[in-house]
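Peer 1: Before anything else, here's the structure in question.
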Amino acid sequence: MTGPGEERTTDAVRPYVITGGRVGSAREELPLETLVRASGSAPDPSLQPEYRRIVERCQGLLSVAEVAAHLGQSPAVVRVLLADLIDWGHIRARPPVPVAERADMDVLRKVLDGLEAKL
């Protein structure tokens with residue numbers, strides 16, 4: 001309820017409407033650094049404008065965080081929309097490259113030490 005002189009804001013309502021009230025999807029949550037790209041299939045013109053804007057923006061690789069910034073939406077909202085677009089085949093996602101394990105760094109260090117010893 002709003003009192004006299006107060007304005008009612010709809011900032012929280014629009015994300016709720018965009019996602020249909022969902023805060024997640026059936027798939028695993030996309031990390032912010034996940035790279036996404038349009039698959040090349042034309043999105044249905046009846047899709048919500050936010051879905052179409054994502055597909056248009058993702059002609060090249062973008063991270064989930066970048067898509068959220070371009071759309072001016074929270075990452076939580078964009079993750080829900082991207083999950084839908086992935087399920088529908090309009091977007092492809094590439095998971096982030098895992099950080100090298102400690103053992104791999106030890107091997108690289110030994111290789112470097114061996115190369116330096118030969119110089």
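Identifiers in the structure tokens: chain A, B, ... in order shown; residue index from 1 per chain; ligand index from 1 in order shown.
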Neighbours of segment 53-67 of chain A within 8 Å (only C-alpha atoms; same-chain residues fewer than 2 positions away dropped), as number ranges by chain?

Peer 2: A: 30-38, 43, 49-51, 69-71, 75, 78-79, 82, 90-91

Peer 1: For the selection you just gave me, I'd like the residues written to a file as a tab-separated table (two decimals), in the first residue's frame, keeping N, CA, C and O atoms.

Peer 2:
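To be explicit, this is the file written out as result-v4.tsv:
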```tsv
chain	number	residue	atom	x	y	z
A	30	LEU	N	23.47	-21.42	-14.42
A	30	LEU	CA	24.59	-21.00	-15.25
A	30	LEU	C	25.51	-20.06	-14.47
A	30	LEU	O	25.05	-19.02	-13.99
A	31	PRO	N	26.79	-20.39	-14.34
A	31	PRO	CA	27.72	-19.45	-13.71
A	31	PRO	C	27.81	-18.16	-14.53
A	31	PRO	O	27.59	-18.18	-15.75
A	32	LEU	N	28.15	-17.07	-13.90
A	32	LEU	CA	28.23	-15.78	-14.58
A	32	LEU	C	29.24	-15.77	-15.72
A	32	LEU	O	29.09	-15.04	-16.69
A	33	GLU	N	30.26	-16.60	-15.62
A	33	GLU	CA	31.30	-16.61	-16.65
A	33	GLU	C	31.02	-17.59	-17.79
A	33	GLU	O	31.81	-17.69	-18.74
A	34	THR	N	29.89	-18.27	-17.74
A	34	THR	CA	29.50	-19.16	-18.83
A	34	THR	C	29.34	-18.34	-20.11
A	34	THR	O	28.73	-17.28	-20.10
A	35	LEU	N	29.88	-18.85	-21.21
A	35	LEU	CA	29.78	-18.16	-22.49
A	35	LEU	C	28.57	-18.69	-23.25
A	35	LEU	O	28.35	-19.90	-23.32
A	36	VAL	N	27.79	-17.78	-23.80
A	36	VAL	CA	26.60	-18.15	-24.56
A	36	VAL	C	26.66	-17.53	-25.95
A	36	VAL	O	27.29	-16.51	-26.16
A	37	ARG	N	25.97	-18.21	-26.88
A	37	ARG	CA	25.95	-17.74	-28.26
A	37	ARG	C	24.66	-18.20	-28.91
A	37	ARG	O	24.17	-19.29	-28.63
A	38	ALA	N	24.12	-17.39	-29.80
A	38	ALA	CA	22.91	-17.77	-30.52
A	38	ALA	C	23.22	-18.98	-31.39
A	38	ALA	O	24.31	-19.09	-31.96
A	43	PRO	N	14.37	-17.02	-33.68
A	43	PRO	CA	13.40	-17.10	-32.58
A	43	PRO	C	11.99	-16.78	-33.07
A	43	PRO	O	11.80	-16.01	-34.00
A	49	PRO	N	9.87	-9.79	-25.71
A	49	PRO	CA	10.97	-8.97	-26.24
A	49	PRO	C	12.32	-9.27	-25.59
A	49	PRO	O	13.35	-9.21	-26.26
A	50	GLU	N	12.32	-9.61	-24.31
A	50	GLU	CA	13.58	-9.89	-23.62
A	50	GLU	C	14.28	-11.11	-24.23
A	50	GLU	O	15.49	-11.12	-24.40
A	51	TYR	N	13.51	-12.13	-24.57
A	51	TYR	CA	14.08	-13.32	-25.21
A	51	TYR	C	14.69	-12.94	-26.55
A	51	TYR	O	15.81	-13.35	-26.88
A	69	ALA	N	24.21	-7.31	-18.25
A	69	ALA	CA	24.56	-5.89	-18.32
A	69	ALA	C	23.94	-5.24	-19.56
A	69	ALA	O	23.39	-4.13	-19.48
A	70	HIS	N	24.00	-5.91	-20.70
A	70	HIS	CA	23.41	-5.37	-21.93
A	70	HIS	C	21.90	-5.19	-21.81
A	70	HIS	O	21.34	-4.23	-22.33
A	71	LEU	N	21.25	-6.12	-21.13
A	71	LEU	CA	19.79	-6.06	-20.99
A	71	LEU	C	19.35	-5.15	-19.86
A	71	LEU	O	18.19	-4.77	-19.79
A	75	PRO	N	21.32	-10.66	-13.03
A	75	PRO	CA	21.79	-11.96	-13.52
A	75	PRO	C	20.80	-13.09	-13.22
A	75	PRO	O	20.67	-14.02	-14.01
A	78	VAL	N	18.25	-13.06	-16.01
A	78	VAL	CA	18.87	-13.45	-17.27
A	78	VAL	C	19.17	-14.95	-17.28
A	78	VAL	O	19.00	-15.62	-18.30
A	79	ARG	N	19.56	-15.50	-16.13
A	79	ARG	CA	19.81	-16.95	-16.06
A	79	ARG	C	18.54	-17.75	-16.38
A	79	ARG	O	18.61	-18.76	-17.08
A	82	LEU	N	17.90	-17.33	-20.18
A	82	LEU	CA	18.88	-18.10	-20.95
A	82	LEU	C	18.60	-19.60	-20.87
A	82	LEU	O	18.73	-20.31	-21.87
A	90	HIS	N	17.61	-22.07	-29.01
A	90	HIS	CA	17.99	-20.78	-29.60
A	90	HIS	C	19.36	-20.29	-29.14
A	90	HIS	O	19.96	-19.43	-29.79
A	91	ILE	N	19.84	-20.82	-28.01
A	91	ILE	CA	21.12	-20.41	-27.45
A	91	ILE	C	21.91	-21.67	-27.11
A	91	ILE	O	21.36	-22.66	-26.67
```

Peer 1: To one decimal in Å, tell me the separation between atom CA of Gln48 of chain A and atom CA of Pro96 of chain A.

Peer 2: 27.7 Å

Peer 1: Please report, as a PDB file with all heavy atoms, in the first residue's frame, each residue of segment 47-98 of chain A to which DSSP assigns strand (DSSP E) when run on this structure's backbone.

Peer 2:
```pdb
ATOM      1  N   LEU A  62      29.214 -14.204 -25.580  1.00  0.00           N
ATOM      2  CA  LEU A  62      29.071 -13.286 -24.451  1.00  0.00           C
ATOM      3  C   LEU A  62      28.947 -14.107 -23.180  1.00  0.00           C
ATOM      4  O   LEU A  62      28.386 -15.201 -23.211  1.00  0.00           O
ATOM      5  CB  LEU A  62      27.815 -12.420 -24.584  1.00  0.00           C
ATOM      6  CG  LEU A  62      27.804 -11.300 -25.608  1.00  0.00           C
ATOM      7  CD1 LEU A  62      26.436 -10.631 -25.632  1.00  0.00           C
ATOM      8  CD2 LEU A  62      28.866 -10.265 -25.276  1.00  0.00           C
ATOM      9  N   SER A  63      29.423 -13.556 -22.079  1.00  0.00           N
ATOM     10  CA  SER A  63      29.217 -14.233 -20.804  1.00  0.00           C
ATOM     11  C   SER A  63      27.818 -13.914 -20.291  1.00  0.00           C
ATOM     12  O   SER A  63      27.186 -12.946 -20.728  1.00  0.00           O
ATOM     13  CB  SER A  63      30.261 -13.772 -19.776  1.00  0.00           C
ATOM     14  OG  SER A  63      30.021 -12.429 -19.405  1.00  0.00           O
ATOM     15  N   ILE A  91      19.836 -20.819 -28.015  1.00  0.00           N
ATOM     16  CA  ILE A  91      21.119 -20.413 -27.446  1.00  0.00           C
ATOM     17  C   ILE A  91      21.915 -21.666 -27.115  1.00  0.00           C
ATOM     18  O   ILE A  91      21.361 -22.665 -26.671  1.00  0.00           O
ATOM     19  CB  ILE A  91      20.912 -19.569 -26.152  1.00  0.00           C
ATOM     20  CG1 ILE A  91      20.284 -18.222 -26.466  1.00  0.00           C
ATOM     21  CG2 ILE A  91      22.211 -19.384 -25.369  1.00  0.00           C
ATOM     22  CD1 ILE A  91      21.195 -17.204 -27.114  1.00  0.00           C
ATOM     23  N   ARG A  92      23.213 -21.580 -27.340  1.00  0.00           N
ATOM     24  CA  ARG A  92      24.136 -22.634 -26.918  1.00  0.00           C
ATOM     25  C   ARG A  92      25.031 -22.059 -25.833  1.00  0.00           C
ATOM     26  O   ARG A  92      25.448 -20.904 -25.907  1.00  0.00           O
ATOM     27  CB  ARG A  92      24.980 -23.102 -28.095  1.00  0.00           C
ATOM     28  CG  ARG A  92      24.162 -23.819 -29.129  1.00  0.00           C
ATOM     29  CD  ARG A  92      25.051 -24.513 -30.130  1.00  0.00           C
ATOM     30  NE  ARG A  92      24.194 -25.176 -31.105  1.00  0.00           N
ATOM     31  CZ  ARG A  92      24.234 -24.949 -32.393  1.00  0.00           C
ATOM     32  NH1 ARG A  92      25.097 -24.087 -32.885  1.00  0.00           N
ATOM     33  NH2 ARG A  92      23.427 -25.583 -33.211  1.00  0.00           N
ATOM     34  N   ALA A  93      25.335 -22.877 -24.850  1.00  0.00           N
ATOM     35  CA  ALA A  93      26.178 -22.440 -23.736  1.00  0.00           C
ATOM     36  C   ALA A  93      27.450 -23.267 -23.694  1.00  0.00           C
ATOM     37  O   ALA A  93      27.431 -24.472 -23.956  1.00  0.00           O
ATOM     38  CB  ALA A  93      25.426 -22.581 -22.424  1.00  0.00           C
ATOM     39  N   ARG A  94      28.535 -22.593 -23.396  1.00  0.00           N
ATOM     40  CA  ARG A  94      29.818 -23.268 -23.201  1.00  0.00           C
ATOM     41  C   ARG A  94      30.225 -23.043 -21.759  1.00  0.00           C
ATOM     42  O   ARG A  94      30.401 -21.890 -21.334  1.00  0.00           O
ATOM     43  CB  ARG A  94      30.864 -22.689 -24.152  1.00  0.00           C
ATOM     44  CG  ARG A  94      32.129 -23.535 -24.179  1.00  0.00           C
ATOM     45  CD  ARG A  94      33.112 -22.993 -25.161  1.00  0.00           C
ATOM     46  NE  ARG A  94      33.971 -22.088 -24.411  1.00  0.00           N
ATOM     47  CZ  ARG A  94      34.784 -21.222 -24.958  1.00  0.00           C
ATOM     48  NH1 ARG A  94      34.835 -21.090 -26.253  1.00  0.00           N
ATOM     49  NH2 ARG A  94      35.554 -20.470 -24.221  1.00  0.00           N
TER      50      ARG A  94
END
```

Peer 1: Would you mind writing down, as a ChimeraX atom specification, each residue of segment 9-96 of chain A that DSSP on the backbone assigns to alpha helix (DSSP H)?

Peer 2: /A:13-19,49-57,64-71,75-87

Peer 1: Write out the residues from the selection above, keeping C-alpha atoms, as a PDB file, in the first residue's frame.

Peer 2:
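Done, and the output landed in result-v5.pdb:
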```
ATOM      1  CA  VAL A  13       7.122  -6.533 -10.753  1.00  0.00           C
ATOM      2  CA  ARG A  14       8.655  -6.539 -14.243  1.00  0.00           C
ATOM      3  CA  PRO A  15      11.342  -9.196 -13.510  1.00  0.00           C
ATOM      4  CA  TYR A  16       8.611 -11.307 -11.915  1.00  0.00           C
ATOM      5  CA  VAL A  17       6.509 -10.976 -15.057  1.00  0.00           C
ATOM      6  CA  ILE A  18       9.465 -11.613 -17.394  1.00  0.00           C
ATOM      7  CA  THR A  19      10.349 -14.897 -15.684  1.00  0.00           C
ATOM      8  CA  PRO A  49      10.969  -8.966 -26.243  1.00  0.00           C
ATOM      9  CA  GLU A  50      13.585  -9.889 -23.622  1.00  0.00           C
ATOM     10  CA  TYR A  51      14.082 -13.316 -25.205  1.00  0.00           C
ATOM     11  CA  ARG A  52      14.456 -11.792 -28.661  1.00  0.00           C
ATOM     12  CA  ARG A  53      16.928  -9.176 -27.359  1.00  0.00           C
ATOM     13  CA  ILE A  54      19.077 -11.914 -25.836  1.00  0.00           C
ATOM     14  CA  VAL A  55      19.205 -13.861 -29.109  1.00  0.00           C
ATOM     15  CA  GLU A  56      20.038 -10.660 -31.039  1.00  0.00           C
ATOM     16  CA  ARG A  57      22.824  -9.749 -28.579  1.00  0.00           C
ATOM     17  CA  VAL A  64      26.031 -14.488 -18.757  1.00  0.00           C
ATOM     18  CA  ALA A  65      27.192 -11.391 -16.841  1.00  0.00           C
ATOM     19  CA  GLU A  66      27.618  -9.423 -20.086  1.00  0.00           C
ATOM     20  CA  VAL A  67      24.155 -10.409 -21.307  1.00  0.00           C
ATOM     21  CA  ALA A  68      22.691  -9.189 -18.003  1.00  0.00           C
ATOM     22  CA  ALA A  69      24.558  -5.892 -18.324  1.00  0.00           C
ATOM     23  CA  HIS A  70      23.414  -5.366 -21.933  1.00  0.00           C
ATOM     24  CA  LEU A  71      19.794  -6.059 -20.994  1.00  0.00           C
ATOM     25  CA  PRO A  75      21.787 -11.961 -13.516  1.00  0.00           C
ATOM     26  CA  ALA A  76      19.105 -14.051 -11.778  1.00  0.00           C
ATOM     27  CA  VAL A  77      16.492 -12.971 -14.334  1.00  0.00           C
ATOM     28  CA  VAL A  78      18.871 -13.453 -17.269  1.00  0.00           C
ATOM     29  CA  ARG A  79      19.809 -16.950 -16.064  1.00  0.00           C
ATOM     30  CA  VAL A  80      16.140 -17.993 -16.154  1.00  0.00           C
ATOM     31  CA  LEU A  81      15.671 -16.544 -19.642  1.00  0.00           C
ATOM     32  CA  LEU A  82      18.879 -18.096 -20.955  1.00  0.00           C
ATOM     33  CA  ALA A  83      17.908 -21.496 -19.557  1.00  0.00           C
ATOM     34  CA  ASP A  84      14.621 -21.262 -21.467  1.00  0.00           C
ATOM     35  CA  LEU A  85      16.408 -20.260 -24.675  1.00  0.00           C
ATOM     36  CA  ILE A  86      18.902 -23.118 -24.268  1.00  0.00           C
ATOM     37  CA  ASP A  87      16.034 -25.585 -23.748  1.00  0.00           C
TER      38      ASP A  87
END
```
